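Down below is the structure, laid out as structure tokens.
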Amino acid sequence: MTKQLVIWLPLFLFCIVSTVDALSHQLKRRSFFGVTLGSVAVAQTPAMAEGNEKIIGGVTVYKTATGLQYIELEEGTGPSPRYGQLCSISYTAYLQLPNEKKKEKFDSAVFLTKHGNGRLIAGLDEGLHTMKVGGKRRIIIPPKLGFDDIALGPMPESPLDRYKLNGLLDKMVEKRGGNLIYDVELRLVRDDEADQGYYDDQSLTEEQQKTLMENINGGGRADSLSMEGVEA
């Protein structure tokens with residue numbers, strides 16, 4: 001009994017300390033991101049950056065009303081994504097802290113997302129909205145449009161990369177600033193065949209609303225059809 005206590009007690013204490021430490025970090029982040037999120041109202045529809053641009057080192061940097069900035073690395077030739085469509089992107093992600101020239105890379109991947117579903121960090125979702133298929137863009141995301149305490153994606157798959165991102169976000173909170181930087185290529189945009197039209201760039205027409213309600217309430221008809229030809 002004594003041996004088991006000696007073995008398990010340090011592990012139990014370590015778990016308690018780790019949990020308290022994690023909660024402390026979460027509260028600090030929630031406080032920091034809560035302040036930055038409350039400082040600017042983020043529009044539901046991404047704002048175009050036309051007329052709000054500047055030249056830095058010979059490069060045109062566009063800035064939207066939400067504070068998002070981006071640089072067009074290569075103009076695409078395909079369509080721009082609409083809300084509800086599936087988007088295939090490849091990206092490399094960095095975090096740059098205030099007054100530091102070096103960017104810290106924490107992720108690189110090919111990623112499939114449903115545009116506008118609320119599961120992507122707001123800045124990346126906004127930056128994708130005005131891209132065109134085949135285009136490449138550097139998206140510079142301020143804290144209020146990045147990872148908040150809900151931990152939206154995309155998250156690194158590797159545990160080591162997640163650990164690195166976690167540490168960088170803590171430094172961002174400590175230094176009260178910094179930016180996420182995503183170098184993104186929009187590879188493909190496609191309609192989601194399973195989408196029933198819950199959201200889009202434009203309001204539904206009366207006919208579309210009727211169709212949507214029929215789809216939602218269509219279970220009764222499907223049940224009656226499935227019972228045809230079945231003897232009692």
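Going through the structure tokens in order, the chains are called A, B, and so on, while each chain numbers its residues from 1 and the ligands are numbered from 1 in the order shown.
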For this session: Compile the contact shell of A:Arg176 as number ranges by chain: residues with an atom at most 9 Å away, counting only C-alpha atoms, same-chain residues fewer than 3 positions apart removed.
Result: A: 32, 98, 171-173
**OP:** Please identify all polymer residues within 8 Å of A:Asn117, counting only C-alpha atoms, omitting same-chain residues fewer than 3 positions from it, and present them as an MDAnalysis selection string.
**Re:** chainID A and resid 83:84 114 120
Since we have the selection now, will you write its residues out, keeping N, CA and C atoms, as a PDB file, in the first residue's frame?
```
ATOM      1  N   TYR A  83     -20.369  31.302 -49.230  1.00  0.00           N
ATOM      2  CA  TYR A  83     -20.659  30.630 -47.962  1.00  0.00           C
ATOM      3  C   TYR A  83     -21.440  29.348 -48.221  1.00  0.00           C
ATOM      4  N   GLY A  84     -21.026  28.298 -47.550  1.00  0.00           N
ATOM      5  CA  GLY A  84     -21.657  26.997 -47.723  1.00  0.00           C
ATOM      6  C   GLY A  84     -20.905  26.082 -48.668  1.00  0.00           C
ATOM      7  N   LYS A 114     -15.540  23.923 -44.816  1.00  0.00           N
ATOM      8  CA  LYS A 114     -16.807  24.435 -45.334  1.00  0.00           C
ATOM      9  C   LYS A 114     -16.854  25.919 -45.024  1.00  0.00           C
ATOM     10  N   LEU A 120     -13.728  27.914 -38.445  1.00  0.00           N
ATOM     11  CA  LEU A 120     -12.422  28.402 -38.855  1.00  0.00           C
ATOM     12  C   LEU A 120     -12.170  29.730 -38.147  1.00  0.00           C
TER      13      LEU A 120
END
```
**Study point:** Proximity to A:Ile71 - best of A:Lys164, A:Arg137, A:Lys132, A:Lys210, only C-alpha atoms
**Key:**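 Among the listed residues, the smallest separation from A:Ile71 belongs to A:Arg137.
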Atom CA of A:Ile140 sits from atom CA of A:Asp192 at a separation of 28.1 Å
message = Set the distance at 6 Å and use only C-alpha atoms: which residues neighbour A:Asn179 once local chain neighbours fewer than 6 positions away are removed? I'd like the list as a PyMOL selection string.
response = chain A and resi 95-96+141-142
Residue contacts of A:Leu68 (12 Å, only C-alpha atoms) excluding same-chain residues fewer than 3 positions away, as a short mmCIF file (atom, residue, chain, number, x, y, z; two decimals) with all heavy atoms, in the first residue's frame:
```
data_model
loop_
_atom_site.label_atom_id
_atom_site.label_comp_id
_atom_site.auth_asym_id
_atom_site.auth_seq_id
_atom_site.Cartn_x
_atom_site.Cartn_y
_atom_site.Cartn_z
N VAL A 40 -13.46 45.89 -31.34
CA VAL A 40 -13.89 46.12 -32.72
C VAL A 40 -15.02 45.16 -33.05
O VAL A 40 -14.92 43.98 -32.79
CB VAL A 40 -12.74 45.90 -33.72
CG1 VAL A 40 -13.24 46.06 -35.15
CG2 VAL A 40 -11.60 46.89 -33.47
N VAL A 42 -16.83 42.88 -35.50
CA VAL A 42 -16.47 42.19 -36.73
C VAL A 42 -17.70 42.00 -37.59
O VAL A 42 -18.70 41.44 -37.15
CB VAL A 42 -15.84 40.81 -36.40
CG1 VAL A 42 -15.48 40.09 -37.68
CG2 VAL A 42 -14.62 40.98 -35.52
N ALA A 43 -17.63 42.46 -38.83
CA ALA A 43 -18.78 42.34 -39.74
C ALA A 43 -19.00 40.90 -40.13
O ALA A 43 -18.06 40.13 -40.24
CB ALA A 43 -18.52 43.19 -40.98
N PRO A 46 -17.40 39.78 -44.98
CA PRO A 46 -16.08 40.39 -45.07
C PRO A 46 -16.08 41.65 -45.92
O PRO A 46 -16.70 41.70 -46.98
CB PRO A 46 -15.24 39.28 -45.72
CG PRO A 46 -15.94 38.02 -45.37
CD PRO A 46 -17.40 38.37 -45.36
N ALA A 47 -15.39 42.67 -45.43
CA ALA A 47 -15.34 43.95 -46.14
C ALA A 47 -14.22 43.94 -47.18
O ALA A 47 -13.15 43.43 -46.93
CB ALA A 47 -15.10 45.08 -45.13
N MET A 48 -14.51 44.48 -48.33
CA MET A 48 -13.49 44.61 -49.36
C MET A 48 -12.48 45.67 -48.93
O MET A 48 -12.81 46.62 -48.24
CB MET A 48 -14.13 45.01 -50.69
CG MET A 48 -15.06 43.95 -51.27
SD MET A 48 -14.19 42.44 -51.70
CE MET A 48 -13.23 43.02 -53.11
N ALA A 49 -11.24 45.49 -49.36
CA ALA A 49 -10.17 46.38 -48.94
C ALA A 49 -9.87 47.46 -49.97
O ALA A 49 -8.88 48.16 -49.85
CB ALA A 49 -8.91 45.57 -48.66
N ASN A 52 -8.32 51.09 -49.32
CA ASN A 52 -7.65 51.07 -48.03
C ASN A 52 -6.41 50.21 -48.15
O ASN A 52 -6.36 49.09 -47.65
CB ASN A 52 -8.59 50.53 -46.96
CG ASN A 52 -8.08 50.82 -45.55
OD1 ASN A 52 -7.06 51.49 -45.36
ND2 ASN A 52 -8.78 50.30 -44.56
N GLU A 53 -5.42 50.74 -48.82
CA GLU A 53 -4.20 50.00 -49.09
C GLU A 53 -3.00 50.91 -48.96
O GLU A 53 -3.11 52.13 -49.03
CB GLU A 53 -4.26 49.40 -50.49
CG GLU A 53 -4.48 50.46 -51.57
CD GLU A 53 -4.97 49.88 -52.87
OE1 GLU A 53 -6.04 49.25 -52.88
OE2 GLU A 53 -4.27 50.09 -53.89
N VAL A 61 -0.11 46.34 -49.52
CA VAL A 61 -0.77 45.67 -48.40
C VAL A 61 -2.18 46.21 -48.28
O VAL A 61 -2.39 47.43 -48.13
CB VAL A 61 0.00 45.91 -47.08
CG1 VAL A 61 -0.70 45.19 -45.92
CG2 VAL A 61 1.44 45.44 -47.20
N TYR A 62 -3.17 45.32 -48.38
CA TYR A 62 -4.58 45.71 -48.29
C TYR A 62 -5.05 45.52 -46.84
O TYR A 62 -4.65 44.57 -46.16
CB TYR A 62 -5.43 44.86 -49.22
CG TYR A 62 -5.05 44.97 -50.67
CD1 TYR A 62 -4.10 44.12 -51.23
CD2 TYR A 62 -5.63 45.94 -51.49
CE1 TYR A 62 -3.74 44.23 -52.56
CE2 TYR A 62 -5.27 46.06 -52.83
CZ TYR A 62 -4.33 45.19 -53.36
OH TYR A 62 -3.97 45.30 -54.67
N LYS A 63 -5.94 46.40 -46.41
CA LYS A 63 -6.49 46.31 -45.05
C LYS A 63 -8.00 46.46 -45.09
O LYS A 63 -8.52 47.38 -45.72
CB LYS A 63 -5.87 47.39 -44.15
CG LYS A 63 -6.27 47.26 -42.69
CD LYS A 63 -5.50 48.26 -41.83
CE LYS A 63 -5.84 48.10 -40.36
NZ LYS A 63 -5.10 49.06 -39.51
N THR A 64 -8.70 45.56 -44.42
CA THR A 64 -10.16 45.61 -44.39
C THR A 64 -10.65 46.35 -43.15
O THR A 64 -9.87 46.70 -42.27
CB THR A 64 -10.76 44.19 -44.40
OG1 THR A 64 -10.53 43.58 -43.12
CG2 THR A 64 -10.12 43.33 -45.48
N ALA A 65 -11.95 46.56 -43.07
CA ALA A 65 -12.55 47.29 -41.96
C ALA A 65 -12.37 46.58 -40.62
O ALA A 65 -12.43 47.20 -39.56
CB ALA A 65 -14.03 47.53 -42.23
N ILE A 71 -1.74 40.38 -48.53
CA ILE A 71 -0.89 40.69 -49.69
C ILE A 71 -1.21 39.67 -50.77
O ILE A 71 -1.18 38.46 -50.51
CB ILE A 71 0.60 40.62 -49.32
CG1 ILE A 71 0.93 41.62 -48.20
CG2 ILE A 71 1.48 40.87 -50.55
CD1 ILE A 71 2.31 41.41 -47.59
N ALA A 122 -11.68 33.46 -37.54
CA ALA A 122 -12.41 34.48 -38.30
C ALA A 122 -11.55 35.14 -39.37
O ALA A 122 -12.01 35.42 -40.48
CB ALA A 122 -12.97 35.53 -37.35
N GLY A 123 -10.28 35.42 -39.06
CA GLY A 123 -9.42 36.10 -40.00
C GLY A 123 -9.13 35.29 -41.25
O GLY A 123 -9.09 35.82 -42.36
N LEU A 124 -8.95 33.99 -41.07
CA LEU A 124 -8.68 33.12 -42.23
C LEU A 124 -9.94 32.98 -43.08
O LEU A 124 -9.87 33.00 -44.31
CB LEU A 124 -8.19 31.76 -41.74
CG LEU A 124 -7.73 30.77 -42.82
CD1 LEU A 124 -6.65 31.39 -43.70
CD2 LEU A 124 -7.20 29.49 -42.17
N ASP A 125 -11.09 32.86 -42.44
CA ASP A 125 -12.35 32.76 -43.17
C ASP A 125 -12.61 34.03 -43.99
O ASP A 125 -13.02 33.96 -45.15
CB ASP A 125 -13.50 32.53 -42.18
CG ASP A 125 -14.64 31.74 -42.78
OD1 ASP A 125 -14.37 30.84 -43.59
OD2 ASP A 125 -15.80 32.00 -42.43
N GLU A 126 -12.33 35.18 -43.39
CA GLU A 126 -12.53 36.44 -44.09
C GLU A 126 -11.55 36.57 -45.25
O GLU A 126 -11.91 37.02 -46.35
CB GLU A 126 -12.34 37.62 -43.13
CG GLU A 126 -12.50 38.97 -43.81
CD GLU A 126 -12.24 40.14 -42.87
OE1 GLU A 126 -12.21 39.94 -41.65
OE2 GLU A 126 -12.07 41.26 -43.39
N GLY A 127 -10.29 36.20 -45.02
CA GLY A 127 -9.28 36.31 -46.06
C GLY A 127 -9.56 35.41 -47.25
O GLY A 127 -9.28 35.77 -48.40
N LEU A 128 -10.17 34.25 -47.01
CA LEU A 128 -10.51 33.32 -48.09
C LEU A 128 -11.65 33.85 -48.96
O LEU A 128 -11.72 33.55 -50.15
CB LEU A 128 -10.92 31.96 -47.52
CG LEU A 128 -9.82 31.05 -46.99
CD1 LEU A 128 -10.43 29.81 -46.34
CD2 LEU A 128 -8.88 30.64 -48.12
N ARG A 138 -1.00 36.13 -48.80
CA ARG A 138 -0.50 36.17 -47.42
C ARG A 138 -1.53 36.93 -46.59
O ARG A 138 -1.81 38.11 -46.84
CB ARG A 138 0.87 36.84 -47.34
CG ARG A 138 1.33 37.14 -45.90
CD ARG A 138 2.81 37.42 -45.81
NE ARG A 138 3.58 36.19 -46.03
CZ ARG A 138 4.91 36.12 -45.93
NH1 ARG A 138 5.61 37.19 -45.61
NH2 ARG A 138 5.53 34.97 -46.15
N ILE A 139 -2.09 36.24 -45.59
CA ILE A 139 -3.14 36.82 -44.75
C ILE A 139 -2.55 37.11 -43.37
O ILE A 139 -2.04 36.20 -42.71
CB ILE A 139 -4.34 35.86 -44.64
CG1 ILE A 139 -4.88 35.54 -46.05
CG2 ILE A 139 -5.44 36.47 -43.78
CD1 ILE A 139 -5.96 34.47 -46.05
N ILE A 140 -2.62 38.38 -42.96
CA ILE A 140 -2.05 38.82 -41.68
C ILE A 140 -3.21 39.07 -40.72
O ILE A 140 -4.02 39.99 -40.92
CB ILE A 140 -1.20 40.08 -41.88
CG1 ILE A 140 -0.12 39.80 -42.93
CG2 ILE A 140 -0.56 40.51 -40.56
CD1 ILE A 140 0.55 41.05 -43.48
N ILE A 141 -3.29 38.26 -39.68
CA ILE A 141 -4.47 38.21 -38.82
C ILE A 141 -4.16 38.78 -37.43
O ILE A 141 -3.30 38.25 -36.72
CB ILE A 141 -4.97 36.76 -38.68
CG1 ILE A 141 -5.25 36.18 -40.08
CG2 ILE A 141 -6.19 36.68 -37.80
CD1 ILE A 141 -5.55 34.69 -40.07
N PRO A 142 -4.86 39.84 -37.00
CA PRO A 142 -4.67 40.38 -35.65
C PRO A 142 -5.28 39.45 -34.61
O PRO A 142 -6.08 38.56 -34.94
CB PRO A 142 -5.41 41.72 -35.70
CG PRO A 142 -6.47 41.52 -36.74
CD PRO A 142 -5.89 40.59 -37.76
N PRO A 143 -4.91 39.62 -33.33
CA PRO A 143 -5.39 38.71 -32.28
C PRO A 143 -6.91 38.54 -32.23
O PRO A 143 -7.41 37.44 -32.01
CB PRO A 143 -4.86 39.36 -30.99
CG PRO A 143 -3.65 40.10 -31.42
CD PRO A 143 -3.96 40.61 -32.80
N LYS A 144 -7.65 39.63 -32.46
CA LYS A 144 -9.11 39.56 -32.32
C LYS A 144 -9.77 38.69 -33.38
O LYS A 144 -10.92 38.29 -33.24
CB LYS A 144 -9.71 40.97 -32.38
CG LYS A 144 -9.56 41.68 -33.72
CD LYS A 144 -10.27 43.02 -33.71
CE LYS A 144 -10.11 43.75 -35.03
NZ LYS A 144 -8.76 44.31 -35.17
N LEU A 145 -9.04 38.36 -34.46
CA LEU A 145 -9.58 37.52 -35.52
C LEU A 145 -8.89 36.16 -35.57
O LEU A 145 -9.07 35.40 -36.53
CB LEU A 145 -9.43 38.22 -36.88
CG LEU A 145 -10.10 39.58 -37.03
CD1 LEU A 145 -9.80 40.17 -38.41
CD2 LEU A 145 -11.59 39.47 -36.81
N GLY A 146 -8.09 35.85 -34.55
CA GLY A 146 -7.33 34.60 -34.55
C GLY A 146 -7.89 33.57 -33.59
O GLY A 146 -9.10 33.44 -33.43
N ASN A 179 0.73 38.90 -34.47
CA ASN A 179 -0.13 38.55 -35.59
C ASN A 179 0.07 37.10 -36.00
O ASN A 179 1.19 36.57 -35.93
CB ASN A 179 0.18 39.43 -36.82
CG ASN A 179 -0.24 40.86 -36.62
OD1 ASN A 179 -1.37 41.16 -36.27
ND2 ASN A 179 0.69 41.78 -36.85
N LEU A 180 -1.02 36.47 -36.44
CA LEU A 180 -0.93 35.21 -37.16
C LEU A 180 -0.71 35.53 -38.63
O LEU A 180 -1.29 36.49 -39.14
CB LEU A 180 -2.21 34.40 -36.99
CG LEU A 180 -2.52 33.86 -35.60
CD1 LEU A 180 -3.95 33.33 -35.56
CD2 LEU A 180 -1.55 32.76 -35.21
N ILE A 181 0.10 34.75 -39.30
CA ILE A 181 0.36 34.96 -40.71
C ILE A 181 0.15 33.63 -41.44
O ILE A 181 0.78 32.63 -41.10
CB ILE A 181 1.79 35.48 -40.96
CG1 ILE A 181 1.99 36.82 -40.25
CG2 ILE A 181 2.06 35.62 -42.45
CD1 ILE A 181 3.42 37.33 -40.30
N TYR A 182 -0.76 33.65 -42.42
CA TYR A 182 -1.03 32.44 -43.22
C TYR A 182 -0.71 32.71 -44.68
O TYR A 182 -1.25 33.64 -45.28
CB TYR A 182 -2.52 32.05 -43.10
CG TYR A 182 -2.87 31.30 -41.84
CD1 TYR A 182 -3.09 31.98 -40.65
CD2 TYR A 182 -2.97 29.91 -41.84
CE1 TYR A 182 -3.41 31.30 -39.48
CE2 TYR A 182 -3.29 29.22 -40.67
CZ TYR A 182 -3.50 29.92 -39.51
OH TYR A 182 -3.81 29.24 -38.36
#
```
Point out the residue among A:Arg82, A:Lys136, A:Lys102, A:Lys175 with the least atom-to-atom distance to A:Gly116, counting only C-alpha atoms.
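Checking each of A:Arg82, A:Lys136, A:Lys102, A:Lys175 against A:Gly116, counting only C-alpha atoms, the winner is A:Arg82.
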- Message: From a backbone DSSP assignment, name each residue in stretch 61-130 of chain A labelled strand (DSSP E), as a VMD selection string.
- Response: chain A and resid 61 to 63 69 to 74 86 to 96 104 to 114
Expressed in Å, the length from atom CA of A:Leu73 to atom CA of A:Glu157 is 26.2 Å
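Taking atom CA of A:Gly178 and atom CA of A:Val133 as endpoints, the distance between them is 28.8 Å.
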